[in-house]
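A.B. asks: One structure follows; several queries about it will come next.
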Amino acid sequence: MSVFNTIKTYGRFGLGVGLRGFLRRKITLEEARAIVQELIEEREANFLRLVGRGIFDYTRSPYLPLLKLAGCEMGDIHNMVWSRGLEETLRALREAGVYFSFEEFKGLEPIVRNGQVISVYPQDFDNPYLQPYYHGQSGGTTGAATRVSFDLDHMVAAAPFDMLTRHAHDILGVPTAVWLGGSPGLIVILRSAILGHVPQKWFTDSTSLNLRMATAYLVLMGRLFGKSFPWPEPVKWDEAVVIARWAARTIKTHGTCVIRTMVSKALRVCVAAQEEGIDLTGVTFLVTGEPPTPGKVQGITSTGARCVPFYAFTEHGAIAGFGCARPADENDIHLSKDALALIQFPRRVPGSESTVDAFNFTSLLPTAPKLLLNVEMDDYGLIETRSCGCPLESYGFTEHLYRIRSFRKLTGGGPTLVGSKMAYILEEVLPSRFGGSPLDYQLLEEEDEGGFTRFSLVVNPKVHIFNETEVVETVLGALGKWQATQYHQAGMLRVRRMEPILTNRGKLLPIIPLDMARRIKSSSDT
């Protein structure tokens, strides 16, 4: 998009579609509780309204051909919901072929049901009744980035859950800094206005001219309408000490602060703080973007800080889950069941014999940017309904998600790599044995000169290693006898001294498959 078109788009967003009214809106904690309680009580009715209007009354809906093949009409869904419940209805639809796999939703594979090829375009998933105020893109970590329209009403609809989760962790109204660029940072800043608490600092690593101009425009509009939005301050990934110093100053004056960022970026702040001798006790990191693995969380909490994860994907346009205040592990998430329904269904991991119980999501809010009905989002994990005793349970959020991982990053072209095991080796075994932090190690799939697949064990040059063979042997020993034998025989593992590769959103993924590495390189080149 040209600079002119970008400014024109944001101009409509700022002046023509109600930004003034949006910025004047503010909810209280009592209102947030009442809104969430009503949404949870009316989940089934909200689902039926969304299916009726957004699918059966919309001739371009991608779900209509699937429902026709399944022989399912609106009346059938209505009867199932009220007799069997929402989740059981979704499971029955999934078994009947009403779903989209991650690859199908992203346009990576053709959609075939009962021998028929179904033509679907990415824009067909857009909510047909959504006012497209602002466009963003998903991160595109394991597939093509998805263009998503955001609407001010959806930000308002998502705010109650955000407010309740902050209250549960006793961080509502606490001085906050944001280290996010592009669409995610802008959305966080805008949504903060509804909560009545604008971040003090907005650090960003985005350098695009279009983004800088558009962001500046919206900050000016916000200030014009009475909100003291912070100007974005450029902070590169290797300049995390800037944020650590801000935290230290804020703790000194306020005793506490919040930093909202991605997991790897939070760890970078903590590593920088340790190098400068900065105590981060009193800091709460709200983190997303990648699984908060034990190694990364330990690196964050070793500075005295707290680490609270939240689960989000751009296509939902809001937080899909927030960390439990009394967690069972480092990635214990309360599902945002007021806005989403979730079931699991077995699926084969691409390129392997492994099977996982993939998450299938369904939208419940009429303001959702994309209408999801049993759509995979590349993740799997465990779902558990239990009593935890934290405030979120009292609001009705009783479903817990944990051990969340991406199933497409389980393989790397050779013997199957179990993501959680490899993450443990890269983030705990190697730093403990050779020094450095989880930010210094990564497994990269590559092709050698003959076109053969090889795995490069990426080690940051700042880690002092005297014997690279010893590093390889440590990894193979931790993998186990069978996999170690496979890699030995194939000669597939070698050490590369370079800084680990980050995605264009700053994520540090333990395993970078070949296709992903190519996309990241192509994106950085352009």
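Residue names in the structure tokens use chain letters A, B, ... in the order shown, residue numbers from 1 in each chain, and ligand numbers from 1 in the order shown.
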For A:Leu373, find every residue with an atom within 12 Å (counting only C-alpha atoms), except residues of its own chain fewer than 6 positions away, and show them as a ChimeraX atom specification.
C.D. replies: /A:47-48,50-51,54-55,61-64,66-67,86-87,89-91,93-94,97-101,105,125,127,316,340-343,359-364
A.B. asks: With N, CA and C atoms retained, could you export that selection as a short mmCIF file (atom, residue, chain, number, x, y, z; two decimals), in the first residue's frame?
C.D. replies:
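What follows is the written file part-v6.cif:
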```
data_model
loop_
_atom_site.label_atom_id
_atom_site.label_comp_id
_atom_site.auth_asym_id
_atom_site.auth_seq_id
_atom_site.Cartn_x
_atom_site.Cartn_y
_atom_site.Cartn_z
N PHE A 47 -24.05 -17.98 19.49
CA PHE A 47 -23.56 -18.85 18.42
C PHE A 47 -24.61 -19.01 17.33
N LEU A 48 -25.84 -19.27 17.73
CA LEU A 48 -26.90 -19.49 16.75
C LEU A 48 -27.17 -18.23 15.93
N LEU A 50 -25.00 -15.91 15.23
CA LEU A 50 -23.86 -15.71 14.33
C LEU A 50 -23.91 -16.68 13.15
N VAL A 51 -24.27 -17.93 13.41
CA VAL A 51 -24.39 -18.92 12.33
C VAL A 51 -25.53 -18.54 11.39
N GLY A 54 -24.38 -14.85 9.82
CA GLY A 54 -23.07 -14.79 9.18
C GLY A 54 -22.77 -15.94 8.24
N ILE A 55 -23.56 -17.04 8.32
CA ILE A 55 -23.30 -18.19 7.45
C ILE A 55 -24.49 -18.46 6.54
N SER A 61 -20.45 -17.44 2.15
CA SER A 61 -19.83 -18.09 3.31
C SER A 61 -19.12 -19.37 2.89
N PRO A 62 -17.86 -19.55 3.30
CA PRO A 62 -17.13 -20.78 2.94
C PRO A 62 -17.69 -22.01 3.64
N TYR A 63 -18.51 -21.81 4.66
CA TYR A 63 -19.04 -22.95 5.41
C TYR A 63 -20.29 -23.55 4.75
N LEU A 64 -20.95 -22.80 3.88
CA LEU A 64 -22.18 -23.30 3.26
C LEU A 64 -21.96 -24.59 2.47
N LEU A 66 -19.75 -26.88 2.93
CA LEU A 66 -19.48 -27.96 3.87
C LEU A 66 -20.76 -28.41 4.57
N LEU A 67 -21.59 -27.46 4.96
CA LEU A 67 -22.85 -27.80 5.62
C LEU A 67 -23.80 -28.52 4.66
N LEU A 86 -23.42 -26.65 23.13
CA LEU A 86 -22.63 -26.02 22.08
C LEU A 86 -21.44 -26.87 21.67
N GLU A 87 -20.62 -27.28 22.63
CA GLU A 87 -19.41 -28.02 22.28
C GLU A 87 -19.71 -29.36 21.62
N THR A 89 -22.31 -30.00 19.81
CA THR A 89 -22.75 -29.67 18.45
C THR A 89 -21.55 -29.43 17.54
N LEU A 90 -20.59 -28.69 18.03
CA LEU A 90 -19.39 -28.42 17.23
C LEU A 90 -18.62 -29.70 16.93
N ARG A 91 -18.60 -30.61 17.90
CA ARG A 91 -17.92 -31.88 17.67
C ARG A 91 -18.64 -32.70 16.60
N LEU A 93 -20.46 -31.51 14.16
CA LEU A 93 -20.21 -30.86 12.88
C LEU A 93 -18.81 -31.18 12.38
N ARG A 94 -17.85 -31.20 13.28
CA ARG A 94 -16.47 -31.53 12.90
C ARG A 94 -16.39 -32.95 12.34
N GLY A 97 -17.48 -33.25 8.80
CA GLY A 97 -16.67 -32.58 7.78
C GLY A 97 -16.81 -31.08 7.73
N VAL A 98 -17.49 -30.49 8.72
CA VAL A 98 -17.65 -29.03 8.77
C VAL A 98 -16.52 -28.46 9.61
N TYR A 99 -15.44 -28.11 8.95
CA TYR A 99 -14.25 -27.57 9.61
C TYR A 99 -13.31 -27.07 8.53
N PHE A 100 -12.29 -26.34 8.94
CA PHE A 100 -11.19 -25.99 8.05
C PHE A 100 -9.90 -26.27 8.80
N SER A 101 -9.03 -27.05 8.17
CA SER A 101 -7.72 -27.28 8.75
C SER A 101 -6.90 -26.01 8.68
N PHE A 105 -7.34 -23.15 5.77
CA PHE A 105 -7.69 -21.79 6.15
C PHE A 105 -6.66 -20.79 5.65
N PHE A 125 -13.73 -15.62 4.54
CA PHE A 125 -13.88 -15.82 5.99
C PHE A 125 -14.16 -14.52 6.73
N ASN A 127 -15.88 -11.40 8.32
CA ASN A 127 -17.22 -11.15 8.84
C ASN A 127 -17.92 -10.17 7.89
N HIS A 316 -8.71 -13.78 15.49
CA HIS A 316 -9.74 -13.58 16.51
C HIS A 316 -9.87 -12.10 16.86
N LEU A 340 -15.20 -17.22 22.53
CA LEU A 340 -14.78 -18.35 21.71
C LEU A 340 -15.31 -19.66 22.27
N ALA A 341 -15.57 -20.59 21.37
CA ALA A 341 -15.80 -21.98 21.74
C ALA A 341 -14.62 -22.78 21.20
N LEU A 342 -14.26 -23.85 21.91
CA LEU A 342 -13.08 -24.62 21.53
C LEU A 342 -13.32 -26.10 21.74
N ILE A 343 -13.04 -26.89 20.71
CA ILE A 343 -13.02 -28.34 20.84
C ILE A 343 -11.68 -28.83 20.31
N PHE A 359 -6.49 -27.86 18.32
CA PHE A 359 -7.52 -26.92 18.73
C PHE A 359 -8.34 -26.51 17.51
N ASN A 360 -9.68 -26.53 17.65
CA ASN A 360 -10.60 -26.05 16.64
C ASN A 360 -11.44 -24.94 17.26
N PHE A 361 -11.34 -23.72 16.71
CA PHE A 361 -11.97 -22.56 17.31
C PHE A 361 -13.23 -22.15 16.56
N THR A 362 -14.19 -21.59 17.33
CA THR A 362 -15.44 -21.07 16.78
C THR A 362 -15.72 -19.70 17.39
N SER A 363 -16.04 -18.72 16.53
CA SER A 363 -16.34 -17.37 17.00
C SER A 363 -17.71 -17.31 17.65
N LEU A 364 -17.84 -16.46 18.67
CA LEU A 364 -19.13 -16.25 19.33
C LEU A 364 -19.56 -14.79 19.33
#
```
A.B. asks: Taking the DSSP assignment computed from this structure's backbone, write out as a PyMOL selection string all residues of stretch 242-483 of chain A that belong to strand (DSSP E).
C.D. replies: chain A and resi 257-262+283-288+306-313+318-323+333-335+340-348+355-363+375-385+399-406+441-447+453-459
A.B. asks: Let me make sure I understand: among A:Leu280, A:Val269, A:Met163, A:Leu392, which one has the smallest atom-to-atom distance to A:Lys252 if we use only C-alpha atoms?
C.D. replies: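 Checking each candidate against A:Lys252, we get A:Leu280 as the closest.
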A.B. asks: For the helix (DSSP H, G or I) assignment from backbone DSSP, which residues of stretch 158-320 of chain A qualify? Please present them as an MDAnalysis selection string.
C.D. replies: chainID A and resid 158:168 182:195 209:224 237:239 241:254 263:275 294:301 314:316
A.B. asks: Could you write out that same residue set with C-alpha atoms as a PDB file, in the first residue's frame?
C.D. replies:
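Saved to part_9.pdb:
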```pdb
ATOM      1  CA  ALA A 158     -12.984  -7.557  23.955  1.00  0.00           C
ATOM      2  CA  ALA A 159     -12.203  -4.995  26.665  1.00  0.00           C
ATOM      3  CA  PRO A 160     -14.203  -6.558  29.570  1.00  0.00           C
ATOM      4  CA  PHE A 161     -12.173  -9.783  29.528  1.00  0.00           C
ATOM      5  CA  ASP A 162      -8.949  -7.762  29.366  1.00  0.00           C
ATOM      6  CA  MET A 163     -10.040  -5.676  32.358  1.00  0.00           C
ATOM      7  CA  LEU A 164     -11.060  -8.674  34.478  1.00  0.00           C
ATOM      8  CA  THR A 165      -7.796 -10.502  33.819  1.00  0.00           C
ATOM      9  CA  ARG A 166      -5.740  -7.473  34.792  1.00  0.00           C
ATOM     10  CA  HIS A 167      -7.788  -7.127  37.960  1.00  0.00           C
ATOM     11  CA  ALA A 168      -7.228 -10.812  38.755  1.00  0.00           C
ATOM     12  CA  GLY A 182       2.891  -2.594  13.868  1.00  0.00           C
ATOM     13  CA  SER A 183      -0.726  -3.634  14.248  1.00  0.00           C
ATOM     14  CA  PRO A 184      -0.366  -5.385  17.648  1.00  0.00           C
ATOM     15  CA  GLY A 185       1.148  -2.323  19.292  1.00  0.00           C
ATOM     16  CA  LEU A 186      -1.412   0.030  17.822  1.00  0.00           C
ATOM     17  CA  ILE A 187      -4.326  -2.156  18.912  1.00  0.00           C
ATOM     18  CA  VAL A 188      -2.984  -2.404  22.479  1.00  0.00           C
ATOM     19  CA  ILE A 189      -2.675   1.385  22.632  1.00  0.00           C
ATOM     20  CA  LEU A 190      -6.201   1.933  21.300  1.00  0.00           C
ATOM     21  CA  ARG A 191      -7.769  -0.690  23.551  1.00  0.00           C
ATOM     22  CA  SER A 192      -6.107   0.847  26.606  1.00  0.00           C
ATOM     23  CA  ALA A 193      -8.314   3.893  26.158  1.00  0.00           C
ATOM     24  CA  ILE A 194     -11.406   1.819  26.983  1.00  0.00           C
ATOM     25  CA  LEU A 195      -9.765   0.562  30.166  1.00  0.00           C
ATOM     26  CA  LEU A 209       7.638   4.363   6.588  1.00  0.00           C
ATOM     27  CA  ASN A 210       3.948   3.586   6.115  1.00  0.00           C
ATOM     28  CA  LEU A 211       3.640   2.321   9.671  1.00  0.00           C
ATOM     29  CA  ARG A 212       5.496   5.292  11.127  1.00  0.00           C
ATOM     30  CA  MET A 213       3.314   7.798   9.305  1.00  0.00           C
ATOM     31  CA  ALA A 214       0.061   5.997  10.025  1.00  0.00           C
ATOM     32  CA  THR A 215       0.929   5.492  13.701  1.00  0.00           C
ATOM     33  CA  ALA A 216       1.892   9.130  14.111  1.00  0.00           C
ATOM     34  CA  TYR A 217      -1.400  10.139  12.530  1.00  0.00           C
ATOM     35  CA  LEU A 218      -3.449   8.033  14.925  1.00  0.00           C
ATOM     36  CA  VAL A 219      -1.491   9.187  17.972  1.00  0.00           C
ATOM     37  CA  LEU A 220      -2.249  12.766  16.959  1.00  0.00           C
ATOM     38  CA  MET A 221      -5.931  11.926  16.518  1.00  0.00           C
ATOM     39  CA  GLY A 222      -5.993  10.304  19.946  1.00  0.00           C
ATOM     40  CA  ARG A 223      -4.435  13.350  21.554  1.00  0.00           C
ATOM     41  CA  LEU A 224      -6.853  15.590  19.708  1.00  0.00           C
ATOM     42  CA  TRP A 237      15.826  -6.171  19.566  1.00  0.00           C
ATOM     43  CA  ASP A 238      19.410  -5.770  20.740  1.00  0.00           C
ATOM     44  CA  GLU A 239      18.593  -2.568  22.660  1.00  0.00           C
ATOM     45  CA  VAL A 241      18.449  -2.537  28.068  1.00  0.00           C
ATOM     46  CA  VAL A 242      16.510   0.675  27.295  1.00  0.00           C
ATOM     47  CA  ILE A 243      13.341  -1.011  28.542  1.00  0.00           C
ATOM     48  CA  ALA A 244      15.085  -2.574  31.530  1.00  0.00           C
ATOM     49  CA  ARG A 245      16.240   0.882  32.604  1.00  0.00           C
ATOM     50  CA  TRP A 246      12.723   2.282  32.196  1.00  0.00           C
ATOM     51  CA  ALA A 247      11.432  -0.511  34.416  1.00  0.00           C
ATOM     52  CA  ALA A 248      14.069   0.213  37.048  1.00  0.00           C
ATOM     53  CA  ARG A 249      13.135   3.921  37.134  1.00  0.00           C
ATOM     54  CA  THR A 250       9.421   3.147  37.290  1.00  0.00           C
ATOM     55  CA  ILE A 251       9.825   0.630  40.106  1.00  0.00           C
ATOM     56  CA  LYS A 252      11.805   3.204  42.060  1.00  0.00           C
ATOM     57  CA  THR A 253       8.986   5.748  41.831  1.00  0.00           C
ATOM     58  CA  HIS A 254       5.868   3.524  41.763  1.00  0.00           C
ATOM     59  CA  VAL A 263       8.090 -13.890  25.208  1.00  0.00           C
ATOM     60  CA  SER A 264      11.488 -13.612  23.540  1.00  0.00           C
ATOM     61  CA  LYS A 265      11.527  -9.847  23.925  1.00  0.00           C
ATOM     62  CA  ALA A 266      10.710 -10.160  27.636  1.00  0.00           C
ATOM     63  CA  LEU A 267      13.641 -12.522  28.016  1.00  0.00           C
ATOM     64  CA  ARG A 268      15.870 -10.046  26.175  1.00  0.00           C
ATOM     65  CA  VAL A 269      14.889  -7.352  28.682  1.00  0.00           C
ATOM     66  CA  CYS A 270      15.726  -9.705  31.553  1.00  0.00           C
ATOM     67  CA  VAL A 271      19.094 -10.735  30.101  1.00  0.00           C
ATOM     68  CA  ALA A 272      19.964  -7.055  29.611  1.00  0.00           C
ATOM     69  CA  ALA A 273      18.867  -6.304  33.182  1.00  0.00           C
ATOM     70  CA  GLN A 274      21.085  -9.050  34.590  1.00  0.00           C
ATOM     71  CA  GLU A 275      24.065  -7.784  32.583  1.00  0.00           C
ATOM     72  CA  PRO A 294      10.047 -23.430  31.252  1.00  0.00           C
ATOM     73  CA  GLY A 295      13.479 -22.259  30.108  1.00  0.00           C
ATOM     74  CA  LYS A 296      12.253 -18.849  28.959  1.00  0.00           C
ATOM     75  CA  VAL A 297      10.059 -18.348  32.029  1.00  0.00           C
ATOM     76  CA  GLN A 298      12.917 -19.266  34.346  1.00  0.00           C
ATOM     77  CA  GLY A 299      15.106 -16.724  32.568  1.00  0.00           C
ATOM     78  CA  ILE A 300      12.444 -14.053  33.126  1.00  0.00           C
ATOM     79  CA  THR A 301      11.553 -14.849  36.732  1.00  0.00           C
ATOM     80  CA  THR A 314      -4.832 -12.174  14.999  1.00  0.00           C
ATOM     81  CA  GLU A 315      -7.798 -13.759  13.236  1.00  0.00           C
ATOM     82  CA  HIS A 316      -9.744 -13.581  16.512  1.00  0.00           C
TER      83      HIS A 316
END
```
A.B. asks: At a cut-off of 8 Å, using only C-alpha atoms, what residues contact A:Asp338? Leave out same-chain residues fewer than 3 positions from it and give the result as a list in words.
C.D. replies: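 Result of the neighbour search: Val36, Leu39, Ile40, Arg43 and Leu364 of chain A.
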A.B. asks: Suppose we keep N, CA and C atoms; can you now write the selection as a PDB file, in the first residue's frame?
C.D. replies:
```
ATOM      1  N   VAL A  36     -19.416  -9.759  30.872  1.00  0.00           N
ATOM      2  CA  VAL A  36     -18.871 -11.106  30.718  1.00  0.00           C
ATOM      3  C   VAL A  36     -19.866 -12.156  31.199  1.00  0.00           C
ATOM      4  N   LEU A  39     -22.488 -12.598  28.522  1.00  0.00           N
ATOM      5  CA  LEU A  39     -21.977 -13.293  27.341  1.00  0.00           C
ATOM      6  C   LEU A  39     -21.813 -14.795  27.590  1.00  0.00           C
ATOM      7  N   ILE A  40     -21.354 -15.163  28.780  1.00  0.00           N
ATOM      8  CA  ILE A  40     -21.189 -16.582  29.094  1.00  0.00           C
ATOM      9  C   ILE A  40     -22.542 -17.271  29.196  1.00  0.00           C
ATOM     10  N   ARG A  43     -23.989 -17.930  25.517  1.00  0.00           N
ATOM     11  CA  ARG A  43     -23.080 -18.454  24.510  1.00  0.00           C
ATOM     12  C   ARG A  43     -23.827 -19.173  23.386  1.00  0.00           C
ATOM     13  N   LEU A 364     -17.837 -16.462  18.666  1.00  0.00           N
ATOM     14  CA  LEU A 364     -19.125 -16.250  19.331  1.00  0.00           C
ATOM     15  C   LEU A 364     -19.556 -14.788  19.332  1.00  0.00           C
TER      16      LEU A 364
END
```
A.B. asks: Residues near A:Val258, anyone? I mean within 10 Å using only C-alpha atoms, not counting same-chain ones fewer than 6 positions away, as a PyMOL selection string.
C.D. replies: chain A and resi 171-178+199+247+250-251+282-286+305-306
A.B. asks: Write a file of the selected residues as an mmCIF file, in the first residue's frame, keeping C-alpha atoms.
C.D. replies:
```cif
data_model
loop_
_atom_site.group_PDB
_atom_site.id
_atom_site.type_symbol
_atom_site.label_atom_id
_atom_site.label_comp_id
_atom_site.auth_asym_id
_atom_site.auth_seq_id
_atom_site.Cartn_x
_atom_site.Cartn_y
_atom_site.Cartn_z
ATOM 1 C CA ILE A 171 -2.168 -4.927 37.666
ATOM 2 C CA LEU A 172 -5.168 -2.814 36.688
ATOM 3 C CA GLY A 173 -4.023 0.799 36.465
ATOM 4 C CA VAL A 174 -0.337 -0.060 37.004
ATOM 5 C CA PRO A 175 2.239 2.003 34.994
ATOM 6 C CA THR A 176 2.666 0.162 31.697
ATOM 7 C CA ALA A 177 5.077 0.032 28.784
ATOM 8 C CA VAL A 178 4.378 -1.713 25.486
ATOM 9 C CA PRO A 199 0.496 3.115 28.661
ATOM 10 C CA ALA A 247 11.432 -0.511 34.416
ATOM 11 C CA THR A 250 9.421 3.147 37.290
ATOM 12 C CA ILE A 251 9.825 0.630 40.106
ATOM 13 C CA GLY A 282 7.949 -5.579 40.930
ATOM 14 C CA VAL A 283 7.780 -5.986 37.135
ATOM 15 C CA THR A 284 5.001 -8.045 35.559
ATOM 16 C CA PHE A 285 5.610 -9.152 31.986
ATOM 17 C CA LEU A 286 2.432 -9.794 29.987
ATOM 18 C CA ALA A 305 9.896 -10.354 37.679
ATOM 19 C CA ARG A 306 6.553 -12.101 37.194
#
```
A.B. asks: Hey, what's within 9 Å of A:Glu233 if we count only C-alpha atoms and toss same-chain stuff fewer than 6 positions away? As an mmCIF file with C-alpha atoms, in the first residue's frame, please?
C.D. replies:
```
data_model
loop_
_atom_site.group_PDB
_atom_site.id
_atom_site.type_symbol
_atom_site.label_atom_id
_atom_site.label_comp_id
_atom_site.auth_asym_id
_atom_site.auth_seq_id
_atom_site.Cartn_x
_atom_site.Cartn_y
_atom_site.Cartn_z
ATOM 1 C CA LYS A 201 5.657 4.200 27.047
ATOM 2 C CA TRP A 202 5.325 2.611 23.637
ATOM 3 C CA PHE A 203 8.521 1.021 22.376
ATOM 4 C CA THR A 204 8.467 -0.344 18.843
ATOM 5 C CA ASP A 205 10.822 -2.142 16.474
#
```
A.B. asks: Choose the residue, out of A:Glu88, A:Asp153, A:Asp332, A:Glu393, that has the smallest atom-to-atom separation from A:Ala318; count only C-alpha atoms.
C.D. replies: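 Between A:Glu88, A:Asp153, A:Asp332, A:Glu393, the residue approaching A:Ala318 most closely is A:Asp153.
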A.B. asks: Restricting the calculation to only C-alpha atoms: of A:Arg49, A:Arg326, A:Arg113, A:Arg347, which residue gets closest to A:Leu365?
C.D. replies: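 Once distances to A:Leu365 are computed over only C-alpha atoms, the minimum belongs to A:Arg49.
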A.B. asks: So, with only C-alpha atoms as the atoms that count, which of A:Gly436, A:Pro122, A:Gly396, A:Pro366 lies closest to A:Gln37?
C.D. replies: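 Among A:Gly436, A:Pro122, A:Gly396, A:Pro366, it is A:Gly396 that comes nearest to A:Gln37.
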A.B. asks: Considering only C-alpha atoms, can you say which of A:Leu372, A:Tyr380, A:Trp179, A:Glu290 comes closest to A:Thr355?
C.D. replies: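 Nearest candidate to A:Thr355 out of A:Leu372, A:Tyr380, A:Trp179, A:Glu290: A:Tyr380.
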